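Participant: Just so it is clear, I am handing over protein-v3.pdb, which has PDB, C-alpha atoms, pLDDT in the B column.
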ATOM      1  CA  MET H   1     -72.250  -8.432 -31.677  1.00 68.00           C
ATOM      2  CA  PRO H   2     -68.702  -9.829 -31.998  1.00 78.00           C
ATOM      3  CA  VAL H   3     -66.133  -8.051 -29.842  1.00 92.00           C
ATOM      4  CA  HIS H   4     -62.375  -8.121 -29.565  1.00 95.00           C
ATOM      5  CA  TYR H   5     -59.967  -6.514 -27.162  1.00 96.00           C
ATOM      6  CA  PHE H   6     -56.171  -6.400 -26.719  1.00 98.00           C
ATOM      7  CA  GLU H   7     -54.249  -4.904 -23.831  1.00 98.00           C
ATOM      8  CA  LEU H   8     -50.654  -4.553 -22.699  1.00 98.00           C
ATOM      9  CA  THR H   9     -50.289  -4.374 -18.939  1.00 98.00           C
ATOM     10  CA  GLU H  10     -47.622  -4.223 -16.267  1.00 98.00           C
ATOM     11  CA  LYS H  11     -50.096  -5.633 -13.732  1.00 98.00           C
ATOM     12  CA  LYS H  12     -50.789  -9.281 -12.948  1.00 97.00           C
ATOM     13  CA  ILE H  13     -53.399 -10.748 -15.313  1.00 97.00           C
ATOM     14  CA  GLY H  14     -56.654 -11.400 -13.414  1.00 94.00           C
ATOM     15  CA  ARG H  15     -58.277 -14.319 -15.215  1.00 92.00           C
ATOM     16  CA  ASP H  16     -61.436 -14.313 -13.076  1.00 93.00           C
ATOM     17  CA  LEU H  17     -62.375 -10.796 -14.163  1.00 93.00           C
ATOM     18  CA  LEU H  18     -61.636 -11.698 -17.785  1.00 96.00           C
ATOM     19  CA  LEU H  19     -63.875 -14.760 -17.670  1.00 95.00           C
ATOM     20  CA  GLU H  20     -66.842 -12.585 -16.692  1.00 93.00           C
ATOM     21  CA  LYS H  21     -66.555 -10.817 -20.059  1.00 94.00           C
ATOM     22  CA  PHE H  22     -67.411 -14.053 -21.880  1.00 96.00           C
ATOM     23  CA  SER H  23     -70.800 -14.678 -20.359  1.00 94.00           C
ATOM     24  CA  ASP H  24     -73.092 -15.111 -23.381  1.00 95.00           C
ATOM     25  CA  PRO H  25     -76.160 -17.361 -23.711  1.00 96.00           C
ATOM     26  CA  THR H  26     -75.518 -17.888 -27.452  1.00 97.00           C
ATOM     27  CA  CYS H  27     -72.077 -19.399 -26.819  1.00 98.00           C
ATOM     28  CA  GLY H  28     -71.610 -23.053 -25.965  1.00 98.00           C
ATOM     29  CA  ALA H  29     -67.821 -22.985 -26.012  1.00 98.00           C
ATOM     30  CA  PHE H  30     -65.093 -21.017 -24.295  1.00 98.00           C
ATOM     31  CA  VAL H  31     -61.390 -21.735 -24.847  1.00 98.00           C
ATOM     32  CA  SER H  32     -58.459 -19.956 -23.222  1.00 98.00           C
ATOM     33  CA  PHE H  33     -54.696 -20.179 -23.450  1.00 98.00           C
ATOM     34  CA  GLU H  34     -52.201 -18.989 -20.857  1.00 98.00           C
ATOM     35  CA  GLY H  35     -48.504 -18.601 -21.538  1.00 98.00           C
ATOM     36  CA  TRP H  36     -46.581 -19.081 -18.267  1.00 98.00           C
ATOM     37  CA  VAL H  37     -43.004 -18.104 -17.476  1.00 98.00           C
ATOM     38  CA  ARG H  38     -40.914 -21.278 -17.570  1.00 97.00           C
ATOM     39  CA  ASN H  39     -37.734 -21.894 -15.534  1.00 97.00           C
ATOM     40  CA  HIS H  40     -35.648 -23.189 -18.425  1.00 96.00           C
ATOM     41  CA  HIS H  41     -34.877 -22.507 -22.086  1.00 93.00           C
ATOM     42  CA  ASP H  42     -32.434 -24.364 -24.339  1.00 90.00           C
ATOM     43  CA  ASN H  43     -31.097 -26.277 -21.322  1.00 91.00           C
ATOM     44  CA  ARG H  44     -30.330 -23.067 -19.440  1.00 94.00           C
ATOM     45  CA  PRO H  45     -31.896 -22.271 -16.063  1.00 97.00           C
ATOM     46  CA  VAL H  46     -34.031 -19.116 -16.379  1.00 97.00           C
ATOM     47  CA  SER H  47     -34.325 -16.830 -13.342  1.00 97.00           C
ATOM     48  CA  HIS H  48     -36.854 -14.324 -14.704  1.00 98.00           C
ATOM     49  CA  LEU H  49     -38.010 -12.513 -17.852  1.00 98.00           C
ATOM     50  CA  TYR H  50     -38.375  -8.930 -18.959  1.00 98.00           C
ATOM     51  CA  TYR H  51     -40.924  -7.990 -21.646  1.00 98.00           C
ATOM     52  CA  GLU H  52     -41.050  -4.774 -23.642  1.00 98.00           C
ATOM     53  CA  ALA H  53     -43.252  -3.703 -26.545  1.00 98.00           C
ATOM     54  CA  TYR H  54     -43.678  -1.103 -29.232  1.00 98.00           C
ATOM     55  CA  SER H  55     -47.087  -0.348 -27.781  1.00 98.00           C
ATOM     56  CA  LYS H  56     -48.762   1.572 -30.607  1.00 98.00           C
ATOM     57  CA  LEU H  57     -47.725  -0.912 -33.281  1.00 98.00           C
ATOM     58  CA  ALA H  58     -48.498  -3.873 -30.994  1.00 98.00           C
ATOM     59  CA  ILE H  59     -52.032  -2.606 -30.389  1.00 98.00           C
ATOM     60  CA  ASN H  60     -52.555  -1.999 -34.126  1.00 98.00           C
ATOM     61  CA  GLU H  61     -51.230  -5.408 -35.128  1.00 98.00           C
ATOM     62  CA  ALA H  62     -52.974  -7.365 -32.377  1.00 98.00           C
ATOM     63  CA  GLY H  63     -56.255  -5.646 -33.265  1.00 98.00           C
ATOM     64  CA  LYS H  64     -55.874  -6.948 -36.826  1.00 98.00           C
ATOM     65  CA  ILE H  65     -55.205 -10.487 -35.552  1.00 98.00           C
ATOM     66  CA  LEU H  66     -58.263 -10.510 -33.309  1.00 98.00           C
ATOM     67  CA  GLU H  67     -60.415  -9.039 -36.062  1.00 98.00           C
ATOM     68  CA  GLN H  68     -59.129 -11.757 -38.404  1.00 98.00           C
ATOM     69  CA  ALA H  69     -60.014 -14.418 -35.818  1.00 98.00           C
ATOM     70  CA  LEU H  70     -63.598 -13.139 -35.596  1.00 98.00           C
ATOM     71  CA  VAL H  71     -63.993 -13.087 -39.375  1.00 97.00           C
ATOM     72  CA  ASN H  72     -62.180 -16.329 -40.213  1.00 98.00           C
ATOM     73  CA  TYR H  73     -63.631 -18.554 -37.485  1.00 98.00           C
ATOM     74  CA  GLY H  74     -67.023 -16.953 -36.855  1.00 97.00           C
ATOM     75  CA  ILE H  75     -66.388 -16.721 -33.116  1.00 98.00           C
ATOM     76  CA  ASN H  76     -68.210 -14.324 -30.847  1.00 97.00           C
ATOM     77  CA  SER H  77     -65.425 -12.680 -28.836  1.00 98.00           C
ATOM     78  CA  ALA H  78     -61.640 -12.696 -28.631  1.00 98.00           C
ATOM     79  CA  ILE H  79     -59.565 -11.104 -25.901  1.00 98.00           C
ATOM     80  CA  CYS H  80     -55.791 -11.090 -25.490  1.00 98.00           C
ATOM     81  CA  ILE H  81     -53.826  -9.561 -22.608  1.00 98.00           C
ATOM     82  CA  HIS H  82     -50.007  -9.456 -22.620  1.00 98.00           C
ATOM     83  CA  ARG H  83     -47.768  -8.569 -19.699  1.00 98.00           C
ATOM     84  CA  LEU H  84     -44.872  -6.133 -19.886  1.00 98.00           C
ATOM     85  CA  GLY H  85     -41.987  -5.511 -17.491  1.00 98.00           C
ATOM     86  CA  SER H  86     -40.334  -7.952 -15.146  1.00 98.00           C
ATOM     87  CA  LEU H  87     -41.998 -11.368 -14.716  1.00 98.00           C
ATOM     88  CA  GLN H  88     -41.136 -14.207 -12.361  1.00 98.00           C
ATOM     89  CA  ILE H  89     -41.277 -17.963 -12.925  1.00 98.00           C
ATOM     90  CA  GLY H  90     -44.895 -19.134 -13.028  1.00 98.00           C
ATOM     91  CA  ASP H  91     -46.370 -15.719 -13.880  1.00 98.00           C
ATOM     92  CA  VAL H  92     -48.928 -15.559 -16.674  1.00 98.00           C
ATOM     93  CA  ALA H  93     -47.208 -13.685 -19.526  1.00 98.00           C
ATOM     94  CA  VAL H  94     -50.053 -13.848 -22.020  1.00 98.00           C
ATOM     95  CA  TRP H  95     -53.731 -14.717 -21.823  1.00 98.00           C
ATOM     96  CA  VAL H  96     -56.040 -15.455 -24.766  1.00 98.00           C
ATOM     97  CA  GLY H  97     -59.738 -16.196 -24.492  1.00 98.00           C
ATOM     98  CA  VAL H  98     -62.347 -16.807 -27.172  1.00 98.00           C
ATOM     99  CA  ASN H  99     -65.960 -17.892 -27.122  1.00 98.00           C
ATOM    100  CA  ALA H 100     -68.147 -19.287 -29.874  1.00 98.00           C
ATOM    101  CA  ALA H 101     -71.346 -21.197 -30.442  1.00 98.00           C
ATOM    102  CA  HIS H 102     -69.382 -24.455 -30.871  1.00 98.00           C
ATOM    103  CA  ARG H 103     -66.029 -25.844 -29.679  1.00 98.00           C
ATOM    104  CA  ASP H 104     -64.283 -26.413 -33.032  1.00 98.00           C
ATOM    105  CA  ALA H 105     -64.285 -22.727 -33.891  1.00 98.00           C
ATOM    106  CA  ALA H 106     -63.249 -21.760 -30.347  1.00 98.00           C
ATOM    107  CA  PHE H 107     -60.263 -24.155 -30.271  1.00 98.00           C
ATOM    108  CA  GLU H 108     -59.065 -23.181 -33.732  1.00 98.00           C
ATOM    109  CA  ALA H 109     -59.470 -19.450 -33.180  1.00 98.00           C
ATOM    110  CA  CYS H 110     -57.639 -19.546 -29.844  1.00 98.00           C
ATOM    111  CA  ARG H 111     -54.721 -21.382 -31.461  1.00 98.00           C
ATOM    112  CA  PHE H 112     -54.701 -18.909 -34.348  1.00 98.00           C
ATOM    113  CA  VAL H 113     -54.616 -15.906 -32.008  1.00 98.00           C
ATOM    114  CA  ILE H 114     -51.722 -17.076 -29.820  1.00 98.00           C
ATOM    115  CA  ASP H 115     -49.691 -18.246 -32.839  1.00 98.00           C
ATOM    116  CA  GLU H 116     -50.145 -14.921 -34.639  1.00 98.00           C
ATOM    117  CA  ILE H 117     -49.485 -12.849 -31.508  1.00 98.00           C
ATOM    118  CA  LYS H 118     -46.203 -14.702 -31.017  1.00 98.00           C
ATOM    119  CA  SER H 119     -45.104 -14.309 -34.621  1.00 97.00           C
ATOM    120  CA  ARG H 120     -46.303 -10.803 -35.575  1.00 96.00           C
ATOM    121  CA  VAL H 121     -46.787  -8.511 -32.599  1.00 98.00           C
ATOM    122  CA  PRO H 122     -43.793  -6.344 -31.608  1.00 98.00           C
ATOM    123  CA  ILE H 123     -43.238  -7.633 -28.096  1.00 98.00           C
ATOM    124  CA  TRP H 124     -39.790  -8.765 -26.980  1.00 98.00           C
ATOM    125  CA  LYS H 125     -38.738 -11.099 -24.200  1.00 97.00           C
ATOM    126  CA  LYS H 126     -35.358 -10.833 -22.503  1.00 97.00           C
ATOM    127  CA  GLU H 127     -34.304 -13.918 -20.586  1.00 97.00           C
ATOM    128  CA  TYR H 128     -32.151 -13.758 -17.472  1.00 97.00           C
ATOM    129  CA  TYR H 129     -30.318 -16.898 -16.409  1.00 97.00           C
ATOM    130  CA  LEU H 130     -29.235 -18.457 -13.142  1.00 96.00           C
ATOM    131  CA  ASP H 131     -25.912 -19.545 -14.620  1.00 93.00           C
ATOM    132  CA  SER H 132     -23.243 -17.136 -15.882  1.00 86.00           C
ATOM    133  CA  THR H 133     -24.863 -16.769 -19.338  1.00 88.00           C
ATOM    134  CA  LYS H 134     -25.520 -13.148 -20.363  1.00 93.00           C
ATOM    135  CA  PRO H 135     -29.197 -12.088 -20.565  1.00 95.00           C
ATOM    136  CA  LEU H 136     -30.545 -12.621 -24.073  1.00 94.00           C
ATOM    137  CA  TRP H 137     -33.269 -11.102 -26.261  1.00 95.00           C
ATOM    138  CA  VAL H 138     -35.119 -14.215 -27.390  1.00 95.00           C
ATOM    139  CA  GLY H 139     -35.778 -14.599 -31.111  1.00 88.00           C
ATOM    140  CA  SER H 140     -32.725 -12.886 -32.541  1.00 75.00           C
ATOM    141  CA  GLU H 141     -29.993 -15.153 -31.190  1.00 72.00           C
ATOM    142  CA  VAL H 142     -28.581 -15.687 -34.701  1.00 58.00           C
ATOM    143  CA  ALA H 143     -26.723 -12.417 -35.093  1.00 56.00           C
ATOM    144  CA  ARG H 144     -24.767 -11.811 -38.264  1.00 57.00           C
TER     145      ARG H 144
ATOM    146  CA  MET A   1     -25.023  15.875 -43.587  1.00 51.00           C
ATOM    147  CA  LYS A   2     -25.637  18.205 -46.505  1.00 53.00           C
ATOM    148  CA  LYS A   3     -28.980  19.936 -46.785  1.00 55.00           C
ATOM    149  CA  SER A   4     -31.005  19.605 -49.977  1.00 60.00           C
ATOM    150  CA  LEU A   5     -34.594  19.703 -51.136  1.00 63.00           C
ATOM    151  CA  SER A   6     -34.851  15.959 -50.592  1.00 79.00           C
ATOM    152  CA  ASN A   7     -33.640  16.227 -47.002  1.00 93.00           C
ATOM    153  CA  LYS A   8     -36.162  15.047 -44.416  1.00 96.00           C
ATOM    154  CA  THR A   9     -36.149  14.949 -40.661  1.00 98.00           C
ATOM    155  CA  ILE A  10     -37.741  11.844 -39.240  1.00 98.00           C
ATOM    156  CA  GLN A  11     -38.114  10.326 -35.804  1.00 98.00           C
ATOM    157  CA  LEU A  12     -36.501   6.975 -35.182  1.00 98.00           C
ATOM    158  CA  ASN A  13     -37.725   4.722 -32.376  1.00 98.00           C
ATOM    159  CA  TYR A  14     -35.547   1.864 -31.184  1.00 98.00           C
ATOM    160  CA  PHE A  15     -36.640  -1.235 -29.261  1.00 98.00           C
ATOM    161  CA  SER A  16     -35.095  -4.260 -27.544  1.00 97.00           C
ATOM    162  CA  ARG A  17     -31.652  -5.131 -28.928  1.00 95.00           C
ATOM    163  CA  PHE A  18     -31.559  -2.079 -31.215  1.00 97.00           C
ATOM    164  CA  ALA A  19     -32.217   0.234 -28.246  1.00 97.00           C
ATOM    165  CA  GLU A  20     -29.323  -1.428 -26.428  1.00 96.00           C
ATOM    166  CA  LEU A  21     -27.049  -1.281 -29.460  1.00 96.00           C
ATOM    167  CA  THR A  22     -27.728   2.396 -30.256  1.00 98.00           C
ATOM    168  CA  LYS A  23     -28.019   3.305 -26.548  1.00 98.00           C
ATOM    169  CA  LYS A  24     -31.142   5.263 -27.525  1.00 98.00           C
ATOM    170  CA  THR A  25     -34.879   4.716 -27.520  1.00 98.00           C
ATOM    171  CA  ASN A  26     -35.458   7.475 -30.073  1.00 98.00           C
ATOM    172  CA  GLU A  27     -33.731  10.213 -31.998  1.00 98.00           C
ATOM    173  CA  ALA A  28     -34.398  12.793 -34.700  1.00 98.00           C
ATOM    174  CA  TRP A  29     -32.569  11.887 -37.904  1.00 98.00           C
ATOM    175  CA  SER A  30     -31.916  13.953 -40.997  1.00 97.00           C
ATOM    176  CA  THR A  31     -31.767  11.899 -44.175  1.00 97.00           C
ATOM    177  CA  GLU A  32     -31.901  11.970 -47.926  1.00 96.00           C
ATOM    178  CA  ALA A  33     -32.913   8.312 -48.088  1.00 97.00           C
ATOM    179  CA  VAL A  34     -35.917   7.780 -50.331  1.00 97.00           C
ATOM    180  CA  THR A  35     -37.096   4.400 -49.017  1.00 98.00           C
ATOM    181  CA  VAL A  36     -36.980   2.705 -45.623  1.00 98.00           C
ATOM    182  CA  GLN A  37     -34.539   0.217 -47.131  1.00 98.00           C
ATOM    183  CA  GLU A  38     -32.117   3.028 -47.993  1.00 98.00           C
ATOM    184  CA  LEU A  39     -32.567   4.390 -44.491  1.00 98.00           C
ATOM    185  CA  TRP A  40     -31.784   0.967 -42.977  1.00 98.00           C
ATOM    186  CA  PHE A  41     -28.446   0.801 -44.819  1.00 98.00           C
ATOM    187  CA  GLU A  42     -27.662   4.392 -43.827  1.00 98.00           C
ATOM    188  CA  LEU A  43     -28.289   3.588 -40.152  1.00 98.00           C
ATOM    189  CA  ASP A  44     -26.421   0.301 -40.482  1.00 97.00           C
ATOM    190  CA  GLU A  45     -23.352   2.337 -41.478  1.00 97.00           C
ATOM    191  CA  GLN A  46     -23.782   4.428 -38.353  1.00 97.00           C
ATOM    192  CA  TYR A  47     -24.608   1.726 -35.818  1.00 98.00           C
ATOM    193  CA  ALA A  48     -23.434  -1.575 -37.367  1.00 96.00           C
ATOM    194  CA  PHE A  49     -26.654  -3.412 -36.554  1.00 95.00           C
ATOM    195  CA  ASP A  50     -26.001  -6.991 -35.522  1.00 92.00           C
ATOM    196  CA  LEU A  51     -28.932  -8.432 -37.513  1.00 95.00           C
ATOM    197  CA  ASP A  52     -29.215  -8.987 -41.226  1.00 95.00           C
ATOM    198  CA  ILE A  53     -31.955  -7.028 -43.001  1.00 97.00           C
ATOM    199  CA  SER A  54     -33.732 -10.342 -43.691  1.00 96.00           C
ATOM    200  CA  MET A  55     -34.430 -10.692 -39.946  1.00 96.00           C
ATOM    201  CA  VAL A  56     -35.900  -7.202 -39.556  1.00 97.00           C
ATOM    202  CA  ARG A  57     -39.281  -5.651 -40.440  1.00 98.00           C
ATOM    203  CA  PRO A  58     -39.723  -1.936 -41.047  1.00 98.00           C
ATOM    204  CA  ALA A  59     -42.587   0.118 -39.618  1.00 98.00           C
ATOM    205  CA  VAL A  60     -43.655   3.668 -40.432  1.00 98.00           C
ATOM    206  CA  ASN A  61     -46.108   5.678 -38.348  1.00 98.00           C
ATOM    207  CA  HIS A  62     -46.995   2.688 -36.151  1.00 98.00           C
ATOM    208  CA  GLU A  63     -47.812   0.293 -39.017  1.00 98.00           C
ATOM    209  CA  PHE A  64     -45.664  -2.382 -40.630  1.00 98.00           C
ATOM    210  CA  CYS A  65     -44.672  -1.520 -44.187  1.00 98.00           C
ATOM    211  CA  ASP A  66     -42.563  -2.947 -46.993  1.00 98.00           C
ATOM    212  CA  TRP A  67     -38.937  -2.036 -47.578  1.00 98.00           C
ATOM    213  CA  GLN A  68     -39.786   0.106 -50.602  1.00 98.00           C
ATOM    214  CA  ARG A  69     -42.043   2.408 -48.546  1.00 98.00           C
ATOM    215  CA  VAL A  70     -41.152   6.040 -49.361  1.00 98.00           C
ATOM    216  CA  ILE A  71     -40.113   8.142 -46.373  1.00 98.00           C
ATOM    217  CA  ASN A  72     -41.735  11.510 -45.821  1.00 98.00           C
ATOM    218  CA  ASP A  73     -40.678  14.395 -43.630  1.00 98.00           C
ATOM    219  CA  ARG A  74     -41.701  13.839 -39.972  1.00 98.00           C
ATOM    220  CA  ASP A  75     -42.400  10.137 -40.412  1.00 98.00           C
ATOM    221  CA  ILE A  76     -41.901   7.948 -37.349  1.00 98.00           C
ATOM    222  CA  VAL A  77     -39.747   5.016 -38.406  1.00 98.00           C
ATOM    223  CA  SER A  78     -38.761   1.840 -36.542  1.00 98.00           C
ATOM    224  CA  PHE A  79     -36.881  -1.277 -37.461  1.00 98.00           C
ATOM    225  CA  ILE A  80     -38.400  -4.267 -35.729  1.00 98.00           C
ATOM    226  CA  PRO A  81     -36.054  -7.063 -34.678  1.00 97.00           C
ATOM    227  CA  PRO A  82     -37.479 -10.611 -34.419  1.00 97.00           C
ATOM    228  CA  VAL A  83     -40.368 -10.583 -31.955  1.00 98.00           C
ATOM    229  CA  SER A  84     -40.681 -12.970 -29.015  1.00 97.00           C
ATOM    230  CA  GLY A  85     -43.928 -12.303 -27.212  1.00 96.00           C
ATOM    231  CA  GLY A  86     -45.963 -15.006 -25.524  1.00 94.00           C
TER     232      GLY A  86
END
Can you give me the file's structure in the form of structure tokens?

Facilitator:
Amino acid sequence: MPVHYFELTEKKIGRDLLLEKFSDPTCGAFVSFEGWVRNHHDNRPVSHLYYEAYSKLAINEAGKILEQALVNYGINSAICIHRLGSLQIGDVAVWVGVNAAHRDAAFEACRFVIDEIKSRVPIWKKEYYLDSTKPLWVGSEVAR
Amino acid sequence: MKKSLSNKTIQLNYFSRFAELTKKTNEAWSTEAVTVQELWFELDEQYAFDLDISMVRPAVNHEFCDWQRVINDRDIVSFIPPVSGG
């Protein structure tokens, strides 16, 4: 039976434990995506990030995205975990995994999930810089 | 604010840049606004939000909604600035 799961966590994402959830003899494909904290953005040196979320709305909206992925791509499972709080360079900020009978559906569904999570789910990233630039909430730089 | 039959008390939740701008994460708010759009402009008068309405999405009771959504007493309302997860 298809399953989906979304979680917000302040703890480090443990990919090995997540992989165990995808063991399924009917699935010939597993695809995952990891978003890592990068040390630069728009030519500025990034020191670290801070993530916050509107948890209840994020869980509702992410649930709809994962449900959509199951229906639209006919995959077996979809899991997404997103970090909150302070993250350092190289940390995994978001993890998406999907499995399916065949690879085309798994690739496409994984891409769909991360793209939708980034564009629809109320999670915000504040960037802190190594230079004298003030910390910035990413995504709403164009203030009126 | 004057009291009338159409007066409602709602809960506002603020996140990211709006929490910083208002210096609050939530507050009770008494309003006669009928829609979330009217409420946005009322709050904009109070706080001078630094984003245009076109960059913001409204949410009521933990679900996104459209700007014409009617506000009811005790609703939980948020205005969602551009998201940047991932």

Participant: Apply the PyMOL selection byres ((chain H) within 8 of (chain A)) to the displayed file and report the matching residues as a ChimeraX atom specification.

Facilitator: /H:35,51-54,56-57,60-61,82,93-94,114,117-125,137-140,142-144

Participant: Set the distance at 10 Å and use all atoms listed in the file: which residues neighbour Phe112 in chain H once local chain neighbours fewer than 2 positions away are removed? I'd like the list as a PyMOL selection string.

Facilitator: chain H and resi 65-66+68-69+72-73+106-110+114-117

Participant: Please measure the separation of CA of Ser77 in chain H and CA of Cys65 in chain A, giving the value in Å to one decimal.

Facilitator: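 Taking CA of Ser77 in chain H and CA of Cys65 in chain A, their separation equals 28.1 Å.
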
Participant: Check what the PyMOL selection byres ((chain A and resi 68) around 12) selects in the file above and give those residues as a list in words.

Facilitator: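 Matching residues under the PyMOL selection byres ((chain A and resi 68) around 12) are Ala33, Val34, Thr35, Val36, Gln37, Glu38, Leu39, Trp40, Arg57, Pro58, Ala59, Val60, Phe64, Cys65, Asp66, Trp67, Arg69, Val70 and Ile71 of chain A.
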
Participant: The PyMOL selection byres ((chain A and resi 23-28) around 7) - which residues does that actually catch in the file I just gave you? List them as a list in words.

Facilitator: Thr9, Ile10, Gln11, Leu12, Asn13, Tyr14, Phe15, Ala19, Glu20, Leu21, Thr22, Trp29 and Ser30 of chain A

Participant: Any chance you can output those residues with C-alpha atoms as a JSON list (two decimals), in the frame of the given file?

Facilitator:
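Result file is part.json:
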[["chain", "number", "residue", "atom", "x", "y", "z"],
["A", 9, "THR", "CA", -36.15, 14.95, -40.66],
["A", 10, "ILE", "CA", -37.74, 11.84, -39.24],
["A", 11, "GLN", "CA", -38.11, 10.33, -35.80],
["A", 12, "LEU", "CA", -36.50, 6.98, -35.18],
["A", 13, "ASN", "CA", -37.72, 4.72, -32.38],
["A", 14, "TYR", "CA", -35.55, 1.86, -31.18],
["A", 15, "PHE", "CA", -36.64, -1.24, -29.26],
["A", 19, "ALA", "CA", -32.22, 0.23, -28.25],
["A", 20, "GLU", "CA", -29.32, -1.43, -26.43],
["A", 21, "LEU", "CA", -27.05, -1.28, -29.46],
["A", 22, "THR", "CA", -27.73, 2.40, -30.26],
["A", 29, "TRP", "CA", -32.57, 11.89, -37.90],
["A", 30, "SER", "CA", -31.92, 13.95, -41.00]]

Participant: So what do you get for CA of Ala105 in chain H versus CA of Arg83 in chain H, distance-wise?

Facilitator: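 Computed distance, CA of Ala105 in chain H to CA of Arg83 in chain H, equals 26.0 Å.
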
Participant: Tell me, in Å to one decimal, how far CA of Cys80 in chain H is from CA of Val96 in chain H.

Facilitator: 4.4 Å

Participant: Which one is closest to Arg111 in chain H: H:Ile13, H:Val37, H:Leu19, H:Val31? Count only C-alpha atoms.

Facilitator: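 Distance minimum relative to Arg111 in chain H lands on H:Val31.
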
Participant: For range 40-49 of chain H, take all atoms listed in the file, fit an axis-aligned box around them, add 4 Å to each of the six sides, then output centre and edge lengths in Å rounded to one decimal, as JSON.

Facilitator:
{"center_x": -34.2, "center_y": -19.4, "center_z": -18.8, "size_x": 15.7, "size_y": 21.8, "size_z": 19.0}

Participant: Which of these, H:Gly74, H:Ser47, H:Ile59, H:Gly97, has the shortest distance to Leu17 in chain H once you count all atoms listed in the file?

Facilitator: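 Going through H:Gly74, H:Ser47, H:Ile59, H:Gly97 one by one, the smallest distance to Leu17 in chain H is for H:Gly97.
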
Participant: Is it possible to dump range 56-73 of chain A as a compact mmCIF listing (two decimals), in the first residue's frame, including just N, CA and C atoms?

Facilitator:
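Printed below is result-v7.txt as written:
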# COMPACT_ATOMS: atom_id res chain seq x y z
N VAL A 56 2.64 37.78 -0.90
CA VAL A 56 2.21 37.15 0.35
C VAL A 56 1.04 36.21 0.07
N ARG A 57 0.96 35.11 0.84
CA ARG A 57 -0.21 34.22 0.76
C ARG A 57 -0.90 34.19 2.12
N PRO A 58 -2.23 34.26 2.13
CA PRO A 58 -2.93 34.17 3.40
C PRO A 58 -3.22 32.71 3.79
N ALA A 59 -3.32 32.48 5.08
CA ALA A 59 -3.71 31.16 5.59
C ALA A 59 -4.66 31.36 6.76
N VAL A 60 -5.70 30.53 6.80
CA VAL A 60 -6.65 30.56 7.91
C VAL A 60 -6.79 29.15 8.47
N ASN A 61 -6.66 29.05 9.78
CA ASN A 61 -6.79 27.77 10.48
C ASN A 61 -5.89 26.69 9.87
N HIS A 62 -4.65 27.07 9.62
CA HIS A 62 -3.58 26.16 9.19
C HIS A 62 -3.76 25.60 7.79
N GLU A 63 -4.52 26.34 6.94
CA GLU A 63 -4.64 25.98 5.52
C GLU A 63 -4.51 27.27 4.71
N PHE A 64 -3.85 27.16 3.54
CA PHE A 64 -3.83 28.32 2.65
C PHE A 64 -5.26 28.62 2.20
N CYS A 65 -5.51 29.88 1.91
CA CYS A 65 -6.85 30.26 1.44
C CYS A 65 -6.69 31.38 0.41
N ASP A 66 -7.81 31.81 -0.18
CA ASP A 66 -7.69 32.95 -1.10
C ASP A 66 -7.98 34.24 -0.33
N TRP A 67 -7.68 35.35 -0.99
CA TRP A 67 -7.77 36.65 -0.31
C TRP A 67 -9.20 37.06 0.02
N GLN A 68 -10.16 36.40 -0.63
CA GLN A 68 -11.57 36.76 -0.37
C GLN A 68 -12.18 35.89 0.74
N ARG A 69 -11.36 35.04 1.35
CA ARG A 69 -11.85 34.18 2.44
C ARG A 69 -12.45 35.06 3.54
N VAL A 70 -13.67 34.71 3.99
CA VAL A 70 -14.35 35.47 5.04
C VAL A 70 -13.78 35.05 6.40
N ILE A 71 -13.53 36.05 7.22
CA ILE A 71 -12.97 35.80 8.56
C ILE A 71 -14.10 35.58 9.56
N ASN A 72 -13.92 34.57 10.38
CA ASN A 72 -14.88 34.30 11.45
C ASN A 72 -14.22 34.51 12.81
N ASP A 73 -15.07 34.75 13.80
CA ASP A 73 -14.57 34.91 15.16
C ASP A 73 -13.71 33.70 15.54
